[in-house]
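Source file entry07.cif; content: mmCIF, C-alpha atoms (C1' of nucleotides).
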data_input
loop_
_atom_site.label_atom_id
_atom_site.label_comp_id
_atom_site.auth_asym_id
_atom_site.auth_seq_id
_atom_site.Cartn_x
_atom_site.Cartn_y
_atom_site.Cartn_z
CA MET D 9 118.48 108.72 76.91
CA SER D 10 118.63 110.21 73.45
CA GLN D 11 121.78 110.74 71.47
CA ALA D 12 121.34 114.46 71.89
CA GLN D 13 121.24 114.16 75.65
CA ILE D 14 124.32 111.99 75.62
CA SER D 15 126.20 114.51 73.54
CA GLN D 16 125.08 117.39 75.67
CA GLU D 17 126.32 115.67 78.76
CA ARG D 18 129.61 114.89 77.04
CA ILE D 19 129.95 118.57 76.21
CA LEU D 20 129.26 119.62 79.78
CA ASN D 21 131.76 117.07 81.06
CA ALA D 22 134.33 118.36 78.63
CA ALA D 23 133.74 121.90 79.80
CA ALA D 24 134.14 120.82 83.40
CA ALA D 25 137.35 118.99 82.56
CA ILE D 26 138.82 122.07 80.96
CA VAL D 27 137.96 124.28 83.90
CA GLY D 28 139.28 121.71 86.34
CA ARG D 29 142.53 121.39 84.46
CA SER D 30 143.20 124.88 83.11
CA GLY D 31 140.86 127.26 84.86
CA ALA D 32 137.78 129.14 83.76
CA ALA D 33 139.78 131.52 81.60
CA HIS D 34 140.43 128.71 79.13
CA LEU D 35 136.81 127.76 78.77
CA THR D 36 136.20 128.59 75.11
CA ILE D 37 133.90 126.91 72.65
CA ASP D 38 136.86 125.76 70.63
CA ALA D 39 138.46 124.15 73.65
CA VAL D 40 135.24 122.44 74.66
CA ALA D 41 134.78 121.07 71.17
CA ALA D 42 138.29 119.66 71.13
CA GLU D 43 137.92 118.15 74.57
CA ALA D 44 134.57 116.59 73.75
CA GLY D 45 135.84 115.19 70.48
CA LEU D 46 133.48 117.33 68.45
CA SER D 47 133.77 120.18 66.04
CA LYS D 48 132.89 123.70 67.00
CA GLY D 49 129.81 123.43 64.86
CA GLY D 50 128.87 120.29 66.73
CA VAL D 51 128.96 122.05 70.05
CA LEU D 52 126.97 124.97 68.72
CA TYR D 53 124.46 122.53 67.33
CA HIS D 54 123.55 121.55 70.87
CA PHE D 55 124.04 124.89 72.58
CA PRO D 56 123.28 127.86 70.37
CA ASN D 57 125.73 129.99 72.27
CA LYS D 58 128.15 129.90 75.13
CA ARG D 59 125.73 131.40 77.55
CA SER D 60 123.23 128.62 77.07
CA MET D 61 126.00 126.13 77.79
CA ILE D 62 126.70 127.81 81.11
CA GLU D 63 123.00 127.91 81.85
CA ALA D 64 122.90 124.17 81.31
CA MET D 65 125.69 123.86 83.85
CA VAL D 66 123.72 125.88 86.35
CA GLN D 67 120.77 123.59 85.78
CA PHE D 68 122.93 120.52 86.10
CA VAL D 69 124.55 121.52 89.38
CA LEU D 70 121.29 122.72 90.85
CA GLU D 71 119.54 119.47 90.00
CA ASN D 72 122.32 117.30 91.31
CA VAL D 73 122.44 119.14 94.61
CA ALA D 74 118.67 119.08 94.96
CA GLU D 75 118.58 115.39 94.24
CA ARG D 76 121.24 114.56 96.79
CA ALA D 77 119.57 116.81 99.31
CA ALA D 78 116.29 114.98 98.81
CA ARG D 79 117.99 111.67 99.51
CA HIS D 80 119.63 113.01 102.64
CA ARG D 81 116.32 114.44 103.69
CA THR D 82 114.53 111.12 103.81
CA ARG D 83 117.42 109.76 105.83
CA LEU D 84 117.36 112.66 108.26
CA SER D 85 113.65 113.29 108.41
CA GLY D 86 112.22 113.52 111.86
CA GLY D 87 115.48 114.82 113.32
CA ARG D 88 115.94 118.39 114.35
CA ASN D 89 116.67 120.92 111.60
CA ALA D 90 116.60 118.21 109.00
CA VAL D 91 116.32 120.63 106.11
CA VAL D 92 119.55 122.49 106.77
CA ARG D 93 121.34 119.30 107.51
CA SER D 94 120.27 117.82 104.20
CA PHE D 95 121.50 120.97 102.50
CA ILE D 96 124.81 120.85 104.30
CA CYS D 97 125.32 117.23 103.33
CA ALA D 98 124.29 117.76 99.73
CA GLU D 99 126.77 120.59 99.32
CA HIS D 100 129.45 118.73 101.19
CA ASP D 101 129.75 115.99 98.64
CA LEU D 102 130.10 118.00 95.50
CA ASP D 103 132.12 115.92 93.09
CA PRO D 104 135.04 117.42 91.13
CA ARG D 105 132.87 117.84 88.08
CA GLU D 106 130.28 119.88 89.95
CA ARG D 107 133.05 121.84 91.55
CA ALA D 108 134.60 122.69 88.19
CA MET D 109 131.24 123.68 86.80
CA SER D 110 130.64 125.87 89.81
CA ILE D 111 133.87 127.71 89.11
CA ALA D 112 132.83 128.29 85.53
CA ILE D 113 129.46 129.47 86.71
CA LEU D 114 131.03 131.78 89.24
CA ALA D 115 133.26 133.33 86.60
CA ALA D 116 130.32 133.90 84.32
CA ALA D 117 127.99 135.10 87.05
CA ALA D 118 130.44 137.65 88.37
CA GLU D 119 130.25 139.32 84.96
CA ASP D 120 126.58 138.73 84.38
CA PRO D 121 124.48 138.09 87.48
CA ASP D 122 121.37 137.34 85.41
CA LEU D 123 122.94 134.06 84.47
CA VAL D 124 122.28 132.59 87.88
CA ALA D 125 118.66 133.57 88.11
CA PRO D 126 117.64 129.91 88.50
CA ALA D 127 120.02 129.61 91.42
CA ARG D 128 118.48 132.70 92.96
CA ALA D 129 115.04 131.17 92.72
CA ARG D 130 116.22 127.87 94.07
CA LEU D 131 118.00 129.54 96.95
CA ALA D 132 114.88 131.46 97.85
CA VAL D 133 113.05 128.17 98.21
CA TRP D 134 115.82 126.71 100.34
CA LEU D 135 115.84 129.77 102.52
CA ASP D 136 112.14 129.60 102.99
CA GLU D 137 112.16 125.94 103.90
CA ILE D 138 115.06 126.39 106.27
CA MET D 139 113.45 129.34 107.98
CA ARG D 140 110.27 127.38 108.45
CA ASP D 141 112.06 124.29 109.68
CA SER D 142 114.82 125.65 111.82
CA ASP D 143 115.19 127.22 115.22
CA GLY D 144 115.47 130.95 114.74
CA ASP D 145 118.27 131.95 112.38
CA LEU D 146 120.61 129.14 113.23
CA GLY D 147 119.70 127.29 110.05
CA ILE D 148 120.38 130.29 107.87
CA ILE D 149 123.73 130.87 109.47
CA LEU D 150 124.73 127.27 108.88
CA MET D 151 123.57 127.52 105.32
CA LEU D 152 125.67 130.65 104.86
CA ALA D 153 128.65 128.87 106.34
CA THR D 154 128.16 126.03 103.90
CA GLU D 155 128.10 128.43 100.99
CA GLY D 156 131.08 130.30 102.35
CA LEU D 157 133.03 127.09 102.53
CA ARG D 158 132.05 126.29 98.98
CA PHE D 159 133.04 129.66 97.56
CA LEU D 160 136.30 129.88 99.43
CA SER D 161 137.21 126.36 98.37
CA MET D 162 136.40 127.15 94.78
CA LEU D 163 138.81 130.05 94.82
CA ASP D 164 141.29 127.90 96.68
CA LEU D 165 141.33 130.46 99.41
CA LEU D 166 141.15 128.17 102.42
CA PRO D 167 144.27 126.61 103.88
CA LEU D 168 142.37 123.76 105.51
CA THR D 169 143.25 120.10 105.43
CA CYS D 170 140.71 117.47 104.51
CA ALA D 171 140.58 116.50 108.15
CA ASP D 172 139.81 120.11 109.12
CA ARG D 173 137.02 120.23 106.60
CA GLU D 174 135.54 116.98 107.74
CA ARG D 175 135.69 118.09 111.37
CA ILE D 176 134.02 121.38 110.56
CA HIS D 177 131.39 119.62 108.53
CA GLN D 178 130.57 117.30 111.40
CA ARG D 179 130.52 120.25 113.72
CA MET D 180 128.02 122.07 111.58
CA LEU D 181 125.78 119.04 111.51
CA ALA D 182 126.07 118.74 115.25
CA MET D 183 125.16 122.38 115.73
CA ALA D 184 122.09 121.91 113.61
CA GLU D 185 121.09 118.80 115.46
CA ALA D 186 121.61 120.40 118.86
CA GLY D 187 119.48 123.32 117.79
CA ASP D 188 118.95 126.51 119.64
CA PRO D 189 119.08 126.81 123.38
CA MET L 16 149.96 162.38 99.39
CA SER L 17 151.69 162.53 96.05
CA GLN L 18 149.98 163.31 92.79
CA ALA L 19 150.56 159.73 91.72
CA GLN L 20 148.77 158.36 94.76
CA ILE L 21 145.87 160.71 94.20
CA SER L 22 145.55 159.59 90.60
CA GLN L 23 145.78 155.95 91.50
CA GLU L 24 143.03 156.28 94.01
CA ARG L 25 140.95 158.19 91.50
CA ILE L 26 141.43 155.34 89.07
CA LEU L 27 140.41 152.74 91.61
CA ASN L 28 137.36 154.75 92.55
CA ALA L 29 136.44 155.06 88.90
CA ALA L 30 136.78 151.32 88.44
CA ALA L 31 134.56 150.70 91.44
CA ALA L 32 132.00 153.14 90.12
CA ILE L 33 131.85 151.35 86.79
CA VAL L 34 131.43 147.95 88.38
CA GLY L 35 128.81 149.28 90.74
CA ARG L 36 126.87 150.89 87.94
CA SER L 37 127.34 148.52 84.99
CA GLY L 38 128.79 145.31 86.35
CA ALA L 39 132.18 143.70 86.13
CA ALA L 40 131.75 142.88 82.46
CA HIS L 41 132.09 146.56 81.61
CA LEU L 42 135.28 147.06 83.53
CA THR L 43 137.68 147.90 80.72
CA ILE L 44 140.68 150.17 80.75
CA ASP L 45 138.93 152.50 78.35
CA ALA L 46 135.90 152.78 80.59
CA VAL L 47 138.05 153.38 83.65
CA ALA L 48 139.99 156.07 81.85
CA ALA L 49 136.81 157.83 80.79
CA GLU L 50 135.33 157.60 84.25
CA ALA L 51 138.48 158.86 85.90
CA GLY L 52 138.83 161.72 83.42
CA LEU L 53 142.04 160.32 81.99
CA SER L 54 143.18 158.78 78.77
CA LYS L 55 143.83 155.11 78.39
CA GLY L 56 147.53 155.84 78.32
CA GLY L 57 147.18 157.76 81.51
CA VAL L 58 145.65 154.82 83.30
CA LEU L 59 148.30 152.52 81.92
CA TYR L 60 150.91 154.88 83.18
CA HIS L 61 149.85 154.21 86.75
CA PHE L 62 149.01 150.55 86.36
CA PRO L 63 151.15 148.78 83.78
CA ASN L 64 148.32 146.40 83.00
CA LYS L 65 144.81 145.57 83.97
CA ARG L 66 145.88 142.81 86.26
CA SER L 67 147.94 145.14 88.40
CA MET L 68 144.93 147.40 88.73
CA ILE L 69 142.89 144.52 90.10
CA GLU L 70 145.76 143.60 92.40
CA ALA L 71 145.65 147.12 93.75
CA MET L 72 141.97 146.64 94.46
CA VAL L 73 142.71 143.43 96.33
CA GLN L 74 145.25 145.30 98.40
CA PHE L 75 142.85 148.15 99.00
CA VAL L 76 139.98 145.99 100.20
CA LEU L 77 142.24 143.83 102.31
CA GLU L 78 143.76 146.83 104.03
CA ASN L 79 140.44 148.50 104.67
CA VAL L 80 138.95 145.39 106.20
CA ALA L 81 142.02 144.76 108.31
CA GLU L 82 142.00 148.32 109.54
CA ARG L 83 138.35 148.22 110.52
CA ALA L 84 138.84 144.87 112.17
CA ALA L 85 141.67 146.26 114.24
CA ARG L 86 139.46 149.08 115.45
CA HIS L 87 136.67 146.69 116.35
CA ARG L 88 139.20 144.50 118.07
CA THR L 89 140.25 147.09 120.57
CA ARG L 90 136.62 147.76 121.27
CA LEU L 91 135.84 144.09 121.78
CA SER L 92 139.04 142.96 123.41
CA GLY L 93 138.58 141.00 126.56
CA GLY L 94 135.23 139.60 125.44
CA ARG L 95 134.79 136.07 124.32
CA ASN L 96 135.83 135.20 120.76
CA ALA L 97 136.81 138.78 120.14
CA VAL L 98 138.78 137.94 117.01
CA VAL L 99 135.90 136.45 115.06
CA ARG L 100 133.59 139.13 116.21
CA SER L 101 135.95 141.81 114.97
CA PHE L 102 136.12 139.98 111.66
CA ILE L 103 132.36 139.71 111.42
CA CYS L 104 131.93 143.41 112.13
CA ALA L 105 134.65 144.47 109.73
CA GLU L 106 133.07 142.51 106.90
CA HIS L 107 129.62 143.65 107.85
CA ASP L 108 130.27 147.26 107.11
CA LEU L 109 131.76 147.02 103.67
CA ASP L 110 130.97 150.24 101.88
CA PRO L 111 129.60 150.23 98.32
CA ARG L 112 133.00 150.95 96.91
CA GLU L 113 134.58 147.96 98.61
CA ARG L 114 131.64 145.88 97.54
CA ALA L 115 132.03 146.90 93.93
CA MET L 116 135.73 146.20 94.05
CA SER L 117 135.03 142.81 95.55
CA ILE L 118 132.80 141.95 92.64
CA ALA L 119 135.51 142.94 90.19
CA ILE L 120 137.99 140.89 92.17
CA LEU L 121 135.67 137.92 92.24
CA ALA L 122 135.20 138.06 88.48
CA ALA L 123 138.92 138.21 87.91
CA ALA L 124 139.77 135.59 90.51
CA ALA L 125 137.32 133.08 89.12
CA GLU L 126 139.32 133.19 85.93
CA ASP L 127 142.72 133.44 87.53
CA PRO L 128 142.95 132.32 91.15
CA ASP L 129 146.57 133.46 91.45
CA LEU L 130 145.28 136.99 91.50
CA VAL L 131 144.03 136.65 95.04
CA ALA L 132 147.18 135.21 96.52
CA PRO L 133 147.40 138.10 98.99
CA ALA L 134 143.89 137.33 100.16
CA ARG L 135 144.85 133.72 100.61
CA ALA L 136 147.77 134.69 102.82
CA ARG L 137 145.68 137.13 104.77
CA LEU L 138 142.94 134.58 105.27
CA ALA L 139 145.44 132.07 106.58
CA VAL L 140 146.43 134.55 109.24
CA TRP L 141 142.82 135.21 110.15
CA LEU L 142 142.12 131.52 110.33
CA ASP L 143 145.06 130.97 112.58
CA GLU L 144 144.12 133.76 114.93
CA ILE L 145 140.53 132.65 115.06
CA MET L 146 141.46 129.05 115.75
CA ARG L 147 143.73 130.14 118.55
CA ASP L 148 141.20 132.52 120.02
CA SER L 149 137.95 130.69 119.64
CA ASP L 150 136.17 127.81 121.25
CA GLY L 151 136.64 124.79 119.02
CA ASP L 152 135.51 125.38 115.46
CA LEU L 153 132.71 127.76 116.26
CA GLY L 154 134.80 130.73 115.20
CA ILE L 155 135.65 129.20 111.86
CA ILE L 156 132.05 128.38 111.14
CA LEU L 157 131.02 131.95 111.88
CA MET L 158 133.79 133.22 109.68
CA LEU L 159 132.59 130.96 106.88
CA ALA L 160 129.06 132.23 107.35
CA THR L 161 130.33 135.79 107.10
CA GLU L 162 132.09 135.03 103.87
CA GLY L 163 129.09 133.14 102.55
CA LEU L 164 126.92 136.12 103.23
CA ARG L 165 129.39 138.33 101.45
CA PHE L 166 129.66 136.17 98.36
CA LEU L 167 125.95 135.54 98.04
CA SER L 168 125.23 139.23 98.46
CA MET L 169 127.78 140.11 95.82
CA LEU L 170 126.06 137.85 93.33
CA ASP L 171 122.74 139.19 94.50
CA LEU L 172 121.70 135.66 95.32
CA LEU L 173 120.10 136.27 98.68
CA PRO L 174 116.50 137.36 98.98
CA LEU L 175 116.97 138.87 102.40
CA THR L 176 115.78 142.23 103.61
CA CYS L 177 118.07 144.64 105.39
CA ALA L 178 116.28 143.77 108.59
CA ASP L 179 116.95 140.07 108.02
CA ARG L 180 120.59 140.76 107.46
CA GLU L 181 120.90 142.88 110.52
CA ARG L 182 119.16 140.29 112.64
CA ILE L 183 121.42 137.54 111.32
CA HIS L 184 124.44 139.69 111.92
CA GLN L 185 123.45 140.28 115.51
CA ARG L 186 122.72 136.62 115.90
CA MET L 187 126.19 135.68 114.69
CA LEU L 188 127.77 138.08 117.13
CA ALA L 189 125.65 136.65 119.91
CA MET L 190 126.66 133.12 119.02
CA ALA L 191 130.30 134.10 119.16
CA GLU L 192 129.85 135.85 122.46
CA ALA L 193 127.96 132.96 123.97
CA GLY L 194 130.68 130.60 122.86
CA ASP L 195 130.63 126.86 123.03
CA PRO L 196 128.73 124.88 125.57
"C1'" DA Y 14 168.40 186.07 84.84
"C1'" DC Y 15 168.13 183.07 81.28
"C1'" DA Y 16 168.79 179.14 78.59
"C1'" DC Y 17 168.87 174.27 79.12
"C1'" DC Y 18 167.66 169.96 80.59
"C1'" DT Y 19 165.20 166.16 82.99
"C1'" DG Y 20 161.65 163.35 84.35
"C1'" DG Y 21 157.01 162.58 85.79
"C1'" DA Y 22 152.30 162.77 84.20
"C1'" DC Y 23 149.52 162.16 80.55
"C1'" DC Y 24 147.38 162.03 75.50
"C1'" DG Y 25 145.82 159.70 71.10
"C1'" DT Y 26 146.28 156.27 68.07
"C1'" DC Y 27 147.26 151.86 66.39
"C1'" DT Y 28 147.64 146.92 66.19
"C1'" DG Y 29 147.39 142.24 67.06
"C1'" DG Y 30 144.99 138.60 68.68
"C1'" DA Y 31 141.41 136.13 70.91
"C1'" DC Y 32 136.76 134.67 70.64
"C1'" DG Y 33 131.96 134.33 69.84
"C1'" DG Y 34 129.18 133.36 66.38
"C1'" DT Y 35 127.62 132.42 61.27
"C1'" DA Y 36 127.15 129.89 57.01
"C1'" DC Y 37 126.84 126.07 54.51
"C1'" DA Y 38 127.79 122.07 51.88
"C1'" DG Y 39 128.80 117.53 52.71
"C1'" DT Y 40 128.93 113.02 55.60
"C1'" DT Y 41 127.78 109.55 58.91
"C1'" DT Y 42 124.54 107.02 61.88
"C1'" DA Y 43 120.28 105.28 64.04
"C1'" DT W 14 115.22 109.76 55.83
"C1'" DA W 15 115.95 112.68 59.47
"C1'" DA W 16 118.89 113.83 63.09
"C1'" DA W 17 123.37 114.42 64.31
"C1'" DC W 18 127.09 115.85 63.17
"C1'" DT W 19 131.96 117.45 60.35
"C1'" DG W 20 135.00 120.90 58.40
"C1'" DT W 21 136.27 125.02 56.86
"C1'" DA W 22 136.09 129.47 56.01
"C1'" DC W 23 134.83 133.60 57.53
"C1'" DC W 24 133.06 137.96 60.02
"C1'" DG W 25 132.77 141.45 63.60
"C1'" DT W 26 133.78 143.04 67.82
"C1'" DC W 27 136.13 143.81 71.73
"C1'" DC W 28 140.02 144.94 74.22
"C1'" DA W 29 144.75 144.80 76.21
"C1'" DG W 30 148.74 146.66 75.55
"C1'" DA W 31 152.48 149.21 72.92
"C1'" DC W 32 154.28 153.46 71.45
"C1'" DG W 33 155.53 157.96 70.14
"C1'" DG W 34 154.59 162.28 71.27
"C1'" DT W 35 153.17 166.47 74.49
"C1'" DC W 36 153.11 169.43 78.43
"C1'" DC W 37 155.11 171.39 82.28
"C1'" DA W 38 157.21 172.04 86.87
"C1'" DG W 39 161.28 172.32 88.79
"C1'" DG W 40 166.23 171.86 89.05
"C1'" DT W 41 171.11 173.20 87.03
"C1'" DG W 42 174.68 175.47 85.15
"C1'" DT W 43 176.49 179.93 83.71
#

Write the structure described by the file as structure tokens, please.
Amino acid sequence: MSQAQISQERILNAAAAIVGRSGAAHLTIDAVAAEAGLSKGGVLYHFPNKRSMIEAMVQFVLENVAERAARHRTRLSGGRNAVVRSFICAEHDLDPRERAMSIAILAAAAEDPDLVAPARARLAVWLDEIMRDSDGDLGIILMLATEGLRFLSMLDLLPLTCADRERIHQRMLAMAEAGDP
Amino acid sequence: MSQAQISQERILNAAAAIVGRSGAAHLTIDAVAAEAGLSKGGVLYHFPNKRSMIEAMVQFVLENVAERAARHRTRLSGGRNAVVRSFICAEHDLDPRERAMSIAILAAAAEDPDLVAPARARLAVWLDEIMRDSDGDLGIILMLATEGLRFLSMLDLLPLTCADRERIHQRMLAMAEAGDP
DNA sequence: ACACCTGGACCGTCTGGACGGTACAGTTTA
DNA sequence: TAAACTGTACCGTCCAGACGGTCCAGGTGT
């Protein structure tokens, strides 16, 4: 891993820390630089502008989720609706850093939808795989529920306990496994 | 309806039009004023600051959805899982104006989650009613799917045709009606 | 009937500050 | 020695919000 890659990851971590602590409104280049222990010029050396920093976050989250999903997939392969279930699991264990990045991404994407074009593409692939793999539309509905849970959690809109979440998560997996009548 | 109410609604409509046409990034007080045929001061007369304008949008969308849901509820009452189904239907027929406002709200809320406190409260009520009314967690999962669909659509992240959407919508209603095994 | 006043609705302009981004000369580190 | 920075100074733009003034419909007193 090159020095550049290390620094870039430090910058992304710093950005996530800021969002997690103070909210997306405080995500400025100056703040990121301070948090990462760099100068503003240092940050802009690695990311020519703020947008490219956010794009890197999109990439990062997408890759992490895809990687986890792939691992779950080998574990679940053979079972019914394995694709959706791997997706559900991969999204279920977002770590705080990914969560913070997702909030930043959401804030940016709401103002400029083009920013999440890679996510669009990725989602299209997911959708396709799920449709092919799953019984009818059940898979899609469970995928939508997973995303709904993610968005609502990000905006802190859901008054659910951890136990509730875990129960619902298990329930979704069970629904997928049971499949369609 | 007082003149003030008329103007306020004109302002909200103007804001929605801007977001629908140019995206949330272009939602400025100046732009709203121009669109509404008012001066900036005029807009600020009705809404002391931008935040309060967004809060009014939150209120507006929340009320509209609740009202539609209530109508659907009387229609569906007696049936199985009527509460979720009314929710699903109410969210399904968001008009373009509500959709645009939701995007503006999303953009603002991602930066300042406190802004959607009313939505949080409202959602808690929904959740409670659904839990009480529905079989196990099925209702909640369908509610999450509804919200997921809404969010993903808002960010234009879902490569689904109208027909797909309609089919999925019907499928969700059917799942609610069928209930839990 | 007329002057007077009030208050709501609205206009136009200005300012202050936040931020993204640039420039560049110098310094450390692998 | 080249990449990876630092540090500072600076620019331009955008935008929220403040503010003083205007217009006018409709009371109010005489």

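Using all atoms listed in the file, every residue with an atom at most 12 Å from the point (128.4, 109.1, 63.9) is listed here: D:Gln11, D:Ala12, D:Ser15, D:Gly45, D:Leu46, D:Gly50, Y:DT40, Y:DT41, Y:DT42, Y:DA43, W:DA16, W:DA17, W:DC18, W:DT19.
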
Could you save those same residues with C-alpha atoms (C1' of nucleotides) as a compact mmCIF listing (two decimals), keeping the file's coordinate frame?
# COMPACT_ATOMS: atom_id res chain seq x y z
CA GLN D 11 121.78 110.74 71.47
CA ALA D 12 121.34 114.46 71.89
CA SER D 15 126.20 114.51 73.54
CA GLY D 45 135.84 115.19 70.48
CA LEU D 46 133.48 117.33 68.45
CA GLY D 50 128.87 120.29 66.73
C1' DT Y 40 128.93 113.02 55.60
C1' DT Y 41 127.78 109.55 58.91
C1' DT Y 42 124.54 107.02 61.88
C1' DA Y 43 120.28 105.28 64.04
C1' DA W 16 118.89 113.83 63.09
C1' DA W 17 123.37 114.42 64.31
C1' DC W 18 127.09 115.85 63.17
C1' DT W 19 131.96 117.45 60.35

- [ ] Could you list the residues chosen by the PyMOL selection byres ((chain L) within 9 of (chain D)) in this structure as a count of residues only?
- [x] 48

- [ ] Provide the atom CA of Glu43 of chain D to atom CA of Pro104 of chain D distance in Å, to one decimal place.
- [x] 16.8 Å

Open item on the list: Using all atoms listed in the file for the distances, tell me which of D:Val40, D:Val69, D:Ala77, D:Ala182 is nearest to Arg107 of chain D.
Closed with: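 Counting all atoms listed in the file, the residue closest to Arg107 of chain D is D:Val69.
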
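When atom C1' of DT21 of chain W is paired with atom CA of Ala24 of chain D, their separation reads 27.0 Å.
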
- [ ] Can you give me, as a ChimeraX atom specification, the residues this file yields under the PyMOL selection byres ((chain L and resi 86) around 12)?
- [x] /L:79-85,87-92,97-98,100-102,104-105

TODO: Carefully work through the PyMOL selection byres ((chain D) within 12 of (chain Y)) for this structure and note down the residues it includes, as a ChimeraX atom specification.
DONE: /D:10-11,33-39,48-49,51-53,55-59

Open item on the list: Taking only C-alpha atoms (C1' of nucleotides) into account and nothing else, which residues of chain W lie no more than 9 Å away from chain L? Please answer as a PyMOL selection string.
Closed with: chain W and resi 28-30

Grab the residues selected above and save them as a compact mmCIF listing (two decimals), keeping the file's coordinate frame with C-alpha atoms (C1' of nucleotides).
# COMPACT_ATOMS: atom_id res chain seq x y z
C1' DC W 28 140.02 144.94 74.22
C1' DA W 29 144.75 144.80 76.21
C1' DG W 30 148.74 146.66 75.55
